[in-house]
Structure formats: C-alpha cells, structure tokens
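Next comes protein-v9.cif, a file with mmCIF, C-alpha atoms (C1' of nucleotides).
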data_my_file
#
loop_
_atom_site.label_atom_id
_atom_site.label_comp_id
_atom_site.auth_asym_id
_atom_site.auth_seq_id
_atom_site.Cartn_x
_atom_site.Cartn_y
_atom_site.Cartn_z
CA MET A 1451 6.93 -7.15 -63.44
CA ARG A 1452 3.44 -6.52 -64.76
CA ILE A 1453 1.14 -9.14 -63.37
CA ALA A 1454 -2.55 -9.73 -64.01
CA PHE A 1455 -3.98 -11.31 -60.89
CA LEU A 1456 -7.10 -13.39 -61.32
CA GLY A 1457 -8.62 -14.61 -58.08
CA THR A 1458 -11.76 -14.37 -56.04
CA PRO A 1459 -12.12 -15.69 -52.46
CA GLU A 1460 -10.01 -15.53 -49.32
CA PHE A 1461 -7.71 -18.22 -50.60
CA ALA A 1462 -6.27 -15.78 -53.13
CA VAL A 1463 -5.82 -12.89 -50.73
CA PRO A 1464 -2.46 -13.83 -49.21
CA SER A 1465 -1.04 -14.29 -52.69
CA LEU A 1466 -2.33 -10.92 -53.80
CA LYS A 1467 -0.96 -9.24 -50.71
CA MET A 1468 2.39 -10.84 -51.34
CA LEU A 1469 2.45 -9.49 -54.91
CA ILE A 1470 1.54 -6.06 -53.62
CA ALA A 1471 4.30 -6.21 -51.04
CA GLU A 1472 6.79 -7.28 -53.69
CA GLY A 1473 6.03 -4.16 -55.63
CA HIS A 1474 4.74 -5.68 -58.85
CA GLU A 1475 2.58 -3.67 -61.20
CA LEU A 1476 -0.82 -5.21 -60.77
CA ALA A 1477 -4.28 -5.37 -62.25
CA VAL A 1478 -6.90 -7.52 -60.57
CA PHE A 1479 -9.57 -9.50 -62.36
CA THR A 1480 -12.22 -11.08 -60.20
CA GLN A 1481 -15.77 -12.36 -60.24
CA PRO A 1482 -18.64 -9.86 -60.32
CA ASP A 1483 -20.22 -8.84 -57.01
CA ARG A 1484 -22.89 -11.33 -56.09
CA PRO A 1485 -26.04 -11.18 -53.97
CA LYS A 1486 -25.04 -12.70 -50.68
CA ASP A 1487 -26.95 -14.25 -47.78
CA ARG A 1488 -30.44 -13.10 -46.89
CA GLY A 1489 -31.62 -9.73 -47.91
CA HIS A 1490 -30.30 -8.52 -51.19
CA ALA A 1491 -26.95 -6.93 -50.56
CA LEU A 1492 -24.29 -7.44 -53.19
CA ALA A 1493 -21.06 -8.68 -51.74
CA MET A 1494 -17.64 -7.95 -53.13
CA PRO A 1495 -15.19 -10.82 -53.48
CA ALA A 1496 -12.42 -10.82 -50.87
CA VAL A 1497 -9.86 -10.19 -53.57
CA LYS A 1498 -11.68 -7.08 -54.73
CA LEU A 1499 -11.71 -5.67 -51.21
CA THR A 1500 -8.00 -6.25 -50.89
CA ALA A 1501 -7.31 -4.67 -54.26
CA LEU A 1502 -9.41 -1.62 -53.57
CA GLU A 1503 -7.62 -1.07 -50.29
CA ALA A 1504 -4.33 -1.10 -52.12
CA GLY A 1505 -5.59 1.14 -54.87
CA ILE A 1506 -5.19 -1.49 -57.56
CA PRO A 1507 -7.49 -1.38 -60.60
CA VAL A 1508 -10.18 -4.05 -60.51
CA TYR A 1509 -11.96 -5.62 -63.45
CA GLN A 1510 -15.00 -7.83 -63.11
CA PHE A 1511 -16.32 -9.90 -65.95
CA GLU A 1512 -18.91 -12.62 -65.97
CA LYS A 1513 -16.56 -14.52 -68.27
CA ILE A 1514 -13.06 -13.31 -68.91
CA ARG A 1515 -12.79 -15.46 -72.00
CA LEU A 1516 -15.42 -13.41 -73.79
CA PRO A 1517 -14.21 -10.54 -76.00
CA GLU A 1518 -14.71 -7.89 -73.35
CA GLY A 1519 -12.49 -9.73 -70.92
CA VAL A 1520 -9.84 -10.63 -73.43
CA GLU A 1521 -9.69 -7.03 -74.50
CA ALA A 1522 -9.19 -5.75 -70.97
CA LEU A 1523 -6.54 -8.33 -70.23
CA THR A 1524 -4.72 -7.56 -73.47
CA ALA A 1525 -4.83 -3.85 -72.77
CA PHE A 1526 -3.03 -4.37 -69.47
CA MET A 1527 -0.19 -6.11 -71.32
CA PRO A 1528 0.85 -8.37 -68.45
CA ASP A 1529 4.20 -10.14 -68.43
CA LEU A 1530 2.58 -12.85 -66.33
CA THR A 1531 -0.89 -13.90 -65.32
CA VAL A 1532 -1.41 -15.41 -61.89
CA THR A 1533 -4.58 -17.25 -61.01
CA ALA A 1534 -5.66 -18.39 -57.56
CA ALA A 1535 -9.15 -19.76 -56.99
CA PHE A 1536 -10.47 -17.53 -59.74
CA GLY A 1537 -13.55 -19.56 -60.49
CA GLN A 1538 -13.64 -18.99 -64.23
CA LEU A 1539 -12.23 -20.94 -67.10
CA LEU A 1540 -9.63 -19.25 -69.26
CA SER A 1541 -9.51 -19.43 -73.04
CA GLU A 1542 -6.56 -20.15 -75.29
CA GLU A 1543 -6.70 -16.49 -76.13
CA ASN A 1544 -6.44 -15.45 -72.49
CA LEU A 1545 -3.48 -17.75 -72.01
CA SER A 1546 -1.59 -16.42 -75.01
CA ILE A 1547 -1.46 -12.85 -73.74
CA PRO A 1548 1.29 -12.85 -71.07
CA LYS A 1549 4.76 -13.68 -72.35
CA PHE A 1550 5.72 -15.70 -69.29
CA GLY A 1551 2.46 -17.57 -69.40
CA THR A 1552 -0.15 -18.14 -66.71
CA VAL A 1553 0.69 -19.55 -63.30
CA ASN A 1554 -1.99 -21.11 -61.12
CA VAL A 1555 -1.79 -21.63 -57.38
CA HIS A 1556 -3.68 -24.80 -56.52
CA GLY A 1557 -4.58 -26.15 -53.08
CA SER A 1558 -3.37 -29.70 -53.42
CA LEU A 1559 -0.36 -31.73 -54.40
CA LEU A 1560 -1.03 -32.17 -58.08
CA PRO A 1561 -1.78 -34.33 -59.91
CA LYS A 1562 -3.99 -35.34 -56.97
CA TYR A 1563 -7.23 -33.47 -56.43
CA ARG A 1564 -7.50 -31.49 -59.59
CA GLY A 1565 -10.67 -29.43 -59.69
CA ALA A 1566 -12.92 -27.34 -57.55
CA SER A 1567 -12.63 -28.62 -53.99
CA PRO A 1568 -9.10 -29.91 -53.40
CA ILE A 1569 -8.81 -28.83 -49.78
CA GLN A 1570 -12.13 -30.23 -48.58
CA THR A 1571 -11.67 -33.41 -50.56
CA ALA A 1572 -8.21 -34.09 -49.19
CA ILE A 1573 -9.61 -33.97 -45.67
CA ILE A 1574 -12.73 -35.94 -46.49
CA GLU A 1575 -10.61 -38.63 -48.09
CA GLY A 1576 -8.61 -38.89 -44.89
CA GLU A 1577 -5.30 -37.71 -46.34
CA GLU A 1578 -2.58 -37.09 -43.78
CA GLU A 1579 -0.64 -34.80 -46.03
CA THR A 1580 -1.48 -32.24 -48.65
CA GLY A 1581 -0.01 -29.02 -49.92
CA VAL A 1582 -0.03 -26.41 -52.62
CA THR A 1583 1.26 -26.55 -56.17
CA THR A 1584 2.12 -23.87 -58.68
CA MET A 1585 1.60 -24.89 -62.27
CA LEU A 1586 1.46 -23.53 -65.76
CA THR A 1587 -2.16 -23.18 -66.66
CA ASN A 1588 -3.36 -24.77 -69.83
CA ILE A 1589 -6.82 -25.40 -71.21
CA GLY A 1590 -7.50 -28.48 -69.08
CA MET A 1591 -8.74 -28.57 -65.51
CA ASP A 1592 -5.55 -28.20 -63.50
CA THR A 1593 -3.63 -30.33 -65.94
CA GLY A 1594 -0.71 -28.01 -66.72
CA ASP A 1595 2.95 -28.65 -66.01
CA ILE A 1596 4.01 -28.44 -62.39
CA LEU A 1597 6.43 -25.71 -61.36
CA LEU A 1598 6.82 -26.01 -57.60
CA ALA A 1599 5.05 -27.75 -54.74
CA ALA A 1600 5.05 -27.43 -50.95
CA LYS A 1601 3.81 -30.10 -48.59
CA THR A 1602 2.16 -29.86 -45.22
CA PRO A 1603 0.68 -32.42 -42.84
CA ILE A 1604 -3.04 -32.39 -42.05
CA GLY A 1605 -3.85 -32.47 -38.33
CA GLU A 1606 -6.18 -35.26 -37.20
CA ASN A 1607 -8.78 -32.75 -36.10
CA GLU A 1608 -7.93 -30.02 -38.55
CA THR A 1609 -10.88 -28.47 -40.31
CA TYR A 1610 -11.34 -27.29 -43.84
CA GLY A 1611 -11.35 -23.71 -42.64
CA GLU A 1612 -8.09 -24.10 -40.75
CA LEU A 1613 -6.34 -25.91 -43.57
CA TYR A 1614 -7.71 -23.43 -46.08
CA THR A 1615 -6.07 -20.58 -44.24
CA ARG A 1616 -2.77 -22.42 -43.94
CA LEU A 1617 -2.69 -23.41 -47.58
CA ALA A 1618 -3.54 -19.90 -48.68
CA GLU A 1619 -0.49 -18.64 -46.79
CA LEU A 1620 1.66 -21.47 -48.02
CA GLY A 1621 0.46 -20.77 -51.55
CA ALA A 1622 1.54 -17.16 -51.29
CA GLU A 1623 5.04 -18.20 -50.26
CA LEU A 1624 5.25 -20.74 -53.02
CA LEU A 1625 4.04 -18.20 -55.55
CA LYS A 1626 6.73 -15.78 -54.45
CA GLU A 1627 9.37 -18.42 -54.93
CA THR A 1628 7.88 -19.42 -58.26
CA ILE A 1629 7.93 -15.90 -59.61
CA ALA A 1630 11.49 -15.39 -58.44
CA LYS A 1631 12.54 -18.46 -60.38
CA ILE A 1632 10.59 -17.40 -63.42
CA GLU A 1633 12.45 -14.12 -63.38
CA ALA A 1634 15.72 -15.98 -62.96
CA GLY A 1635 14.76 -18.45 -65.65
CA THR A 1636 15.60 -21.42 -63.49
CA LEU A 1637 12.30 -23.29 -63.51
CA GLU A 1638 11.85 -26.64 -65.15
CA PRO A 1639 8.19 -27.40 -65.68
CA ILE A 1640 7.36 -31.03 -65.04
CA PRO A 1641 4.42 -32.66 -66.83
CA GLN A 1642 1.86 -34.22 -64.50
CA ASP A 1643 1.73 -37.98 -64.23
CA GLU A 1644 -1.70 -38.72 -65.64
CA ALA A 1645 -1.70 -42.15 -64.03
CA LEU A 1646 -1.74 -40.57 -60.57
CA ALA A 1647 -4.25 -37.88 -61.37
CA THR A 1648 -7.48 -37.63 -59.40
CA ARG A 1649 -10.30 -35.22 -59.78
CA CYS A 1650 -12.49 -33.61 -57.13
CA ARG A 1651 -15.89 -32.19 -57.80
CA PRO A 1652 -17.74 -29.29 -56.23
CA ILE A 1653 -19.35 -30.31 -52.94
CA LYS A 1654 -23.06 -30.85 -53.34
CA LYS A 1655 -25.64 -30.70 -50.60
CA GLN A 1656 -26.14 -34.43 -50.75
CA ASP A 1657 -22.43 -34.93 -50.05
CA ALA A 1658 -22.85 -33.19 -46.72
CA GLN A 1659 -25.31 -35.65 -45.20
CA ILE A 1660 -23.77 -37.97 -42.67
CA ASP A 1661 -24.21 -41.71 -43.10
CA PHE A 1662 -23.85 -43.23 -39.65
CA SER A 1663 -23.35 -46.68 -41.08
CA LEU A 1664 -19.88 -45.57 -42.13
CA PRO A 1665 -16.86 -46.00 -39.87
CA SER A 1666 -16.31 -43.28 -37.27
CA LYS A 1667 -13.15 -42.05 -38.97
CA ARG A 1668 -14.95 -41.49 -42.26
CA ILE A 1669 -17.66 -39.50 -40.51
CA HIS A 1670 -15.12 -37.46 -38.61
CA ASP A 1671 -13.24 -36.68 -41.81
CA LEU A 1672 -16.44 -35.61 -43.54
CA VAL A 1673 -17.47 -33.33 -40.70
CA ARG A 1674 -14.16 -31.52 -40.44
CA GLY A 1675 -13.79 -31.41 -44.21
CA LEU A 1676 -17.04 -29.48 -44.43
CA ASN A 1677 -16.40 -27.16 -41.49
CA PRO A 1678 -17.10 -24.24 -41.46
CA ALA A 1679 -19.02 -24.56 -44.71
CA PRO A 1680 -21.15 -26.02 -46.07
CA THR A 1681 -21.31 -28.08 -42.85
CA ALA A 1682 -22.20 -31.73 -42.50
CA PHE A 1683 -25.70 -32.54 -41.34
CA ALA A 1684 -27.77 -35.44 -40.12
CA ARG A 1685 -31.50 -36.00 -40.41
CA LEU A 1686 -33.55 -36.49 -37.28
CA GLY A 1687 -37.20 -36.76 -38.14
CA GLU A 1688 -38.15 -33.64 -40.03
CA ALA A 1689 -35.13 -31.69 -38.90
CA ASN A 1690 -31.72 -31.29 -40.46
CA ILE A 1691 -29.22 -31.04 -37.69
CA LYS A 1692 -25.91 -29.51 -38.55
CA ILE A 1693 -22.93 -31.32 -37.18
CA HIS A 1694 -20.05 -28.89 -36.87
CA GLU A 1695 -17.50 -30.85 -34.93
CA THR A 1696 -16.87 -34.43 -33.89
CA ARG A 1697 -14.20 -36.29 -31.99
CA LEU A 1698 -13.12 -39.89 -32.26
CA VAL A 1699 -13.56 -41.62 -28.92
CA SER A 1700 -10.93 -43.79 -27.31
CA ASN A 1701 -13.02 -45.85 -24.91
CA GLN A 1702 -14.77 -47.88 -27.60
CA GLN A 1703 -14.45 -50.97 -25.44
CA VAL A 1704 -16.53 -49.60 -22.60
CA LEU A 1705 -19.12 -48.19 -24.96
CA PHE A 1706 -19.53 -51.51 -26.71
CA GLU A 1707 -20.20 -53.23 -23.42
CA ARG A 1708 -22.90 -50.74 -22.54
CA PHE A 1709 -24.38 -49.96 -25.93
CA GLY A 1710 -23.38 -52.82 -28.17
CA GLU A 1711 -27.03 -53.38 -29.07
CA ALA A 1712 -27.61 -49.82 -30.25
CA VAL A 1713 -28.90 -49.19 -33.75
CA LEU A 1714 -26.66 -47.37 -36.23
CA GLY A 1715 -27.18 -43.63 -35.81
CA GLU A 1716 -28.58 -43.96 -32.29
CA CYS A 1717 -27.68 -41.39 -29.68
CA VAL A 1718 -26.45 -43.71 -26.95
CA ILE A 1719 -25.29 -40.91 -24.68
CA ALA A 1720 -26.94 -37.51 -24.69
CA SER A 1721 -26.50 -35.55 -21.51
CA PRO A 1722 -25.27 -32.13 -20.43
CA LYS A 1723 -22.45 -33.74 -18.52
CA GLN A 1724 -21.28 -36.44 -20.87
CA GLY A 1725 -22.11 -34.87 -24.18
CA LEU A 1726 -23.43 -36.64 -27.24
CA VAL A 1727 -22.21 -40.00 -28.47
CA VAL A 1728 -23.64 -41.76 -31.50
CA ARG A 1729 -23.38 -45.34 -32.72
CA THR A 1730 -21.59 -45.67 -36.07
CA GLY A 1731 -20.76 -48.42 -38.50
CA ASP A 1732 -17.70 -49.54 -36.59
CA GLY A 1733 -18.21 -48.14 -33.12
CA PHE A 1734 -19.01 -44.75 -31.68
CA ILE A 1735 -18.32 -41.11 -32.34
CA GLU A 1736 -18.71 -38.07 -30.15
CA ILE A 1737 -20.46 -35.03 -31.55
CA THR A 1738 -18.99 -32.01 -29.83
CA GLU A 1739 -20.65 -29.13 -31.62
CA LEU A 1740 -23.95 -29.00 -33.45
CA GLN A 1741 -26.80 -26.76 -34.47
CA PHE A 1742 -30.55 -27.21 -34.47
CA PRO A 1743 -32.89 -25.53 -36.96
CA GLY A 1744 -33.37 -21.89 -36.09
CA GLY A 1745 -30.62 -21.96 -33.49
CA LYS A 1746 -27.00 -21.11 -33.47
CA ARG A 1747 -24.12 -23.49 -33.27
CA LEU A 1748 -23.61 -24.89 -29.79
CA PRO A 1749 -21.25 -27.09 -27.87
CA ALA A 1750 -23.05 -30.43 -27.59
CA LYS A 1751 -23.05 -30.36 -23.81
CA ALA A 1752 -24.89 -27.03 -23.78
CA ALA A 1753 -27.35 -28.20 -26.41
CA MET A 1754 -28.19 -31.28 -24.35
CA ASN A 1755 -29.68 -29.12 -21.60
CA GLY A 1756 -32.81 -28.44 -23.56
CA LYS A 1757 -33.00 -31.29 -26.03
CA LYS A 1758 -33.58 -34.85 -25.00
CA LEU A 1759 -31.89 -36.89 -27.70
CA ALA A 1760 -31.03 -40.04 -25.78
CA GLY A 1761 -32.32 -42.97 -27.78
CA SER A 1762 -33.09 -40.85 -30.84
CA VAL A 1763 -31.80 -42.26 -34.09
CA PHE A 1764 -30.34 -40.26 -36.96
CA GLU A 1765 -31.85 -41.50 -40.18
CA GLY A 1766 -29.82 -43.19 -42.84
CA LEU A 1767 -29.41 -41.83 -46.35
"C1'" C B 682 -38.19 -4.64 -50.58
"C1'" G B 683 -36.09 -13.51 -52.35
"C1'" C B 684 -38.52 -17.72 -48.76
"C1'" G B 685 -38.82 -19.35 -43.75
"C1'" G B 686 -37.57 -20.21 -38.25
"C1'" G B 687 -36.45 -17.76 -33.58
"C1'" G B 688 -35.55 -14.03 -29.45
"C1'" U B 689 -38.29 -16.45 -21.84
"C1'" G B 690 -33.37 -16.08 -15.00
"C1'" G B 691 -25.53 -17.15 -16.71
"C1'" A B 692 -26.39 -21.46 -20.81
"C1'" G B 693 -29.95 -24.73 -23.50
"C1'" C B 694 -35.19 -25.31 -23.67
"C1'" A B 695 -40.97 -25.71 -22.09
"C1'" G B 696 -45.16 -22.76 -21.49
"C1'" C B 697 -52.02 -26.11 -25.76
"C1'" C B 698 -57.45 -22.25 -27.19
"C1'" G B 699 -54.55 -15.16 -22.73
"C1'" G B 700 -55.15 -15.19 -15.94
"C1'" U B 701 -48.91 -12.51 -12.66
"C1'" A B 702 -43.42 -18.20 -15.45
"C1'" G B 703 -41.40 -24.02 -15.29
"C1'" C B 704 -37.43 -27.80 -16.62
"C1'" U B 705 -32.19 -29.34 -17.35
"C1'" C B 706 -27.29 -27.50 -16.66
"C1'" G B 707 -24.41 -23.93 -14.35
"C1'" U B 708 -23.61 -20.66 -9.91
"C1'" C B 709 -23.60 -20.04 -4.37
"C1'" G B 710 -24.18 -22.57 0.61
"C1'" G B 711 -24.26 -27.22 2.98
"C1'" G B 712 -24.17 -33.00 3.32
"C1'" C B 713 -21.91 -37.65 1.92
"C1'" U B 714 -16.90 -39.15 0.47
"C1'" C B 715 -9.74 -40.34 1.08
"C1'" A B 716 -11.43 -37.80 -3.14
"C1'" U B 717 -14.47 -36.60 -7.36
"C1'" A B 718 -16.45 -35.26 -13.31
"C1'" A B 719 -20.55 -38.95 -9.19
"C1'" U B 720 -24.59 -38.09 -5.62
"C1'" C B 721 -28.03 -35.68 -1.88
"C1'" C B 722 -30.33 -31.15 0.49
"C1'" G B 723 -31.06 -25.99 0.16
"C1'" A B 724 -30.58 -20.95 -1.94
"C1'" A B 725 -29.86 -16.91 -5.12
"C1'" G B 726 -31.10 -15.30 -9.94
"C1'" G B 727 -36.29 -13.33 -14.87
"C1'" U B 728 -39.69 -5.59 -15.76
"C1'" U B 729 -40.45 -13.06 -20.86
"C1'" G B 730 -35.46 -8.39 -27.29
"C1'" G B 731 -37.62 -2.94 -27.68
"C1'" A B 732 -41.95 0.51 -28.44
"C1'" G B 733 -47.05 1.02 -28.93
"C1'" G B 734 -52.12 -1.32 -29.06
"C1'" U B 735 -56.49 -4.79 -27.82
"C1'" U B 736 -58.20 -6.62 -22.88
"C1'" C B 737 -60.56 -6.64 -16.22
"C1'" G B 738 -55.87 -9.11 -17.17
"C1'" A B 739 -50.63 -10.84 -22.28
"C1'" G B 740 -44.74 -14.61 -22.40
"C1'" U B 741 -49.32 -16.05 -24.75
"C1'" C B 742 -53.42 -11.70 -29.70
"C1'" C B 743 -52.39 -7.08 -33.32
"C1'" U B 744 -48.81 -3.22 -35.36
"C1'" C B 745 -43.90 -1.20 -35.93
"C1'" C B 746 -38.58 -1.60 -34.81
"C1'" C B 747 -33.86 -4.18 -33.35
"C1'" C B 748 -31.01 -8.69 -33.23
"C1'" C B 749 -29.98 -14.07 -34.25
"C1'" C B 750 -30.51 -18.46 -37.45
"C1'" G B 751 -31.72 -21.74 -41.74
"C1'" C B 752 -32.77 -22.06 -47.06
"C1'" A B 753 -32.20 -20.04 -51.65
"C1'" A B 754 -28.52 -17.28 -54.47
#

Exercise: express the given structure as structure tokens:
Amino acid sequence: MRIAFLGTPEFAVPSLKMLIAEGHELAVFTQPDRPKDRGHALAMPAVKLTALEAGIPVYQFEKIRLPEGVEALTAFMPDLTVTAAFGQLLSEENLSIPKFGTVNVHGSLLPKYRGASPIQTAIIEGEEETGVTTMLTNIGMDTGDILLAAKTPIGENETYGELYTRLAELGAELLKETIAKIEAGTLEPIPQDEALATRCRPIKKQDAQIDFSLPSKRIHDLVRGLNPAPTAFARLGEANIKIHETRLVSNQQVLFERFGEAVLGECVIASPKQGLVVRTGDGFIEITELQFPGGKRLPAKAAMNGKKLAGSVFEGL
RNA sequence: CGCGGGGUGGAGCAGCCGGUAGCUCGUCGGGCUCAUAAUCCGAAGGUUGGAGGUUCGAGUCCUCCCCCCGCAA
C-alpha cells in the first residue's frame, strides 16, 4: 500500500528498510539536515540516507503540520502514515489524511514511558523488561490506542545503545505484523490505561551528572542508560569526567572492611592493576571505562597509568 | 571559515621561564614461590603527529598542514 514514512534517526531505519523490502509505495518525510558536531557540516538524518539509497522521494519540513507539509503529505495520498522517532508533532490535519490512520512505533511498553526518551528512561529507572508498541497516533503525546506490543528483557549491563538497536529491530518486526493485520482488518485497538501511564522527558545535561550518594545500582543504571550518549559524568575539581561504563562489585564485604571510612564519591582504589572503585551511597561501584577532558574514552585500568586518583573525591551535585 | 583542549617509547601521562627526554603499566630475561593477578632484579623500546622558520642549541618559541577530543548546535 501507499505509506508515508515519517522518521528521523537510526531507530527508524530498520522499520523503513522493512517497508522497502515489503514492496510498499513509499514517501519519506524527515527532519531537515542539521549542522552537526564541530565545523559546520550539515548532516543528513539516518532515515534520509536510507531513503536516498533506495531511491525513495524525501521531503524535509521544519514542521510538517504547517501548510507546506500538509500539502506535500496530502499530495502523496497515503493509505497509511507510519511514524518512528520522527521528532515533530503532527496536526489533526496531518492525521486525517491517510484512510487507515497513522501508526507510531514507540520504544516502550505503553502506557509506560510516553514521550521523548523511553529507552534511556527504562534503563535509568532500573526496569528489567521493556519493549516496543505500535499505536494509533492521536494528538496527545503517545496517548493513542495500542495496536500491538512486543516485550524484551533488559540485560543487567545492557546499555542504551545496545537496547536502542534491539528495539529498533523489534519495532520493525512489530510494524510488519501490525501492517499485515491492518490489511487483514483483524486489529482491535485498545485504549491505554491512563492510570498506568508514565511520561519521560528529554534527557538534560543536569540529568547526566552522577550523584555518588545514591545506591550503586542507581548509578550503574544511569551510566548505562546514558551510554553511548549523552554519557554520564562526574565532577572532579574543575574537570568533568565522563563515565562510560560501570560494574557492580560483588566483594562489598571486603571493601567495607578496608574502606568503610571513605567519603561518598571517594576513589578508594585507583590503580592500573585493580582499576577504579568509588564509594557510593550504599557501598562501592567499579568504574570500568571513563574519559578525561581532551582525551578519548579509556578502560579505567589504562587511564590509571597516568592519573593518580586514589583518594580523590568526586563532588556531589 | 561556531568556541575550546590535545597529539612525547606498545598503553596512559610528566617535562616550570628553550640546553640532546622521565614516570606508571605493559613487553622480554631472570629471582622468589606449590603457584600467582602478588613481589624483587635487570633489559629492550622514542628522528617528541608532519613541513618549514627563529636560535649556538627546540619536546619546549613562530607559521602552515594532518589527526584526535570536549562544548555548543
């Protein structure tokens, strides 16, 4: 069928590729190219690159709900609109165009984690399970009726980046199934239970700073939930030190005997051989990969060769 | 031509106002040990990112280039 695909980053790519492989007639709408990183180069969204490779027409509007966008979408005359991490709000007008409606692929088990950062937030909140949901888009923020959902466990050391990739793939499969059922007319949309709904907000820089007075598990969840970006960090004097990876330690007992008196945030062990261990609110945590200003990310044991952190204390918030 | 930090033996770093390079780890050899991630002794390994310039002499100053990183977006 004719499908308008609205999506932007990597998360949407597997879904788009699936639609291409299924032979649908496609038009892609994505965010405008943006200046990226240092220098001034404009970068194309991942979805645009994929579309161009496949020879699919690409439209880029600052806001698709403005007349220009509505016009272009209308002109394509889609049977269905699919959105996946598009990054723009749709208008009532946009939604009224396709006869089968608008289906969104969302990276959480709705009604939990509606909003902008469902994958990161699920990890940061210490969830052991998450998934993807397809839903009928309405005007609210991920509030439409649920079509299908697929669950998946979150590994104890799984990072945002890893889960992101898995959910993107899982989302593509679920979208395929969803479209098949739409075509067959066998879907029964289920309204979301508002009582169970939670909302996640975009990650702000402040959210990425580690508070070592928290329990080790909370810190670990924050670090992996922000890996590879935007990356958790800790303040040490004037420097912001990025913390890329941590591990929960099992020998808490021994550490307490040796370093029970340590201040929260103190580096109790910091050596090339034993790595970096920091005192937390309820015990200790091992930092296994970090990054100093101006440097690249390093395994902690390598970083300890040149930096003497033993006894240093990461500042509180 | 958005702002800023950095490129020094395999890795991470030091080297203040210029005088032929040092530390930690690793590597190799050996000792100790039942053994070892532990520890001791010794050794190898660098044209200091590249090209010019200033100087009696540059890792250290100036110019240009390449690469890496952070912020901002």

Q: Specify as a VMD selection string all residues of chain A found within 12 Å of chain B, counting all atoms listed in the file.
A: chain A and resid 1484 to 1493 1655 1689 to 1692 1721 to 1725 1741 to 1758

**Q.** Distance query Ser1567 (chain A) at most 8 Å, only C-alpha atoms (C1' of nucleotides), self and fewer than 5 positions along chain excluded, as a list in words
**A.** Cys1650, Arg1651, Pro1652 and Ile1653 of chain A

Give me the result of the PyMOL selection byres ((chain A and resi 1658-1672) around 7) on this file, residue by residue, as a PDB file with C-alpha atoms, keeping the file's coordinate frame.
ATOM      1  CA  ILE A1573      -9.610 -33.970 -45.670  1.00  0.00           C
ATOM      2  CA  ILE A1574     -12.730 -35.940 -46.490  1.00  0.00           C
ATOM      3  CA  GLY A1576      -8.610 -38.890 -44.890  1.00  0.00           C
ATOM      4  CA  LYS A1655     -25.640 -30.700 -50.600  1.00  0.00           C
ATOM      5  CA  GLN A1656     -26.140 -34.430 -50.750  1.00  0.00           C
ATOM      6  CA  ASP A1657     -22.430 -34.930 -50.050  1.00  0.00           C
ATOM      7  CA  VAL A1673     -17.470 -33.330 -40.700  1.00  0.00           C
ATOM      8  CA  ARG A1674     -14.160 -31.520 -40.440  1.00  0.00           C
ATOM      9  CA  GLY A1675     -13.790 -31.410 -44.210  1.00  0.00           C
ATOM     10  CA  LEU A1676     -17.040 -29.480 -44.430  1.00  0.00           C
ATOM     11  CA  THR A1681     -21.310 -28.080 -42.850  1.00  0.00           C
ATOM     12  CA  ALA A1682     -22.200 -31.730 -42.500  1.00  0.00           C
ATOM     13  CA  PHE A1683     -25.700 -32.540 -41.340  1.00  0.00           C
ATOM     14  CA  ALA A1684     -27.770 -35.440 -40.120  1.00  0.00           C
ATOM     15  CA  THR A1696     -16.870 -34.430 -33.890  1.00  0.00           C
ATOM     16  CA  ARG A1697     -14.200 -36.290 -31.990  1.00  0.00           C
ATOM     17  CA  LEU A1698     -13.120 -39.890 -32.260  1.00  0.00           C
ATOM     18  CA  LEU A1714     -26.660 -47.370 -36.230  1.00  0.00           C
ATOM     19  CA  GLY A1715     -27.180 -43.630 -35.810  1.00  0.00           C
ATOM     20  CA  THR A1730     -21.590 -45.670 -36.070  1.00  0.00           C
ATOM     21  CA  GLY A1731     -20.760 -48.420 -38.500  1.00  0.00           C
ATOM     22  CA  ASP A1732     -17.700 -49.540 -36.590  1.00  0.00           C
ATOM     23  CA  GLY A1733     -18.210 -48.140 -33.120  1.00  0.00           C
ATOM     24  CA  PHE A1734     -19.010 -44.750 -31.680  1.00  0.00           C
ATOM     25  CA  ILE A1735     -18.320 -41.110 -32.340  1.00  0.00           C
ATOM     26  CA  GLY A1766     -29.820 -43.190 -42.840  1.00  0.00           C
ATOM     27  CA  LEU A1767     -29.410 -41.830 -46.350  1.00  0.00           C
TER      28      LEU A1767
END

Q: Could you please determine the separation between CA of Pro1464 (chain A) and CA of Leu1499 (chain A) in Å, to one decimal place?
A: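 That distance, rounded to one decimal, is 12.5 Å.
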
Q) Mind pulling up the distance from CA of Glu1578 (chain A) to CA of Asn1607 (chain A)? A)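 One can read the CA of Asn1607 (chain A) to CA of Glu1578 (chain A) distance as 10.8 Å.
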
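CA of Ala1572 (chain A) to CA of Gln1703 (chain A) spans 29.8 Å [interatomic distance, one decimal].
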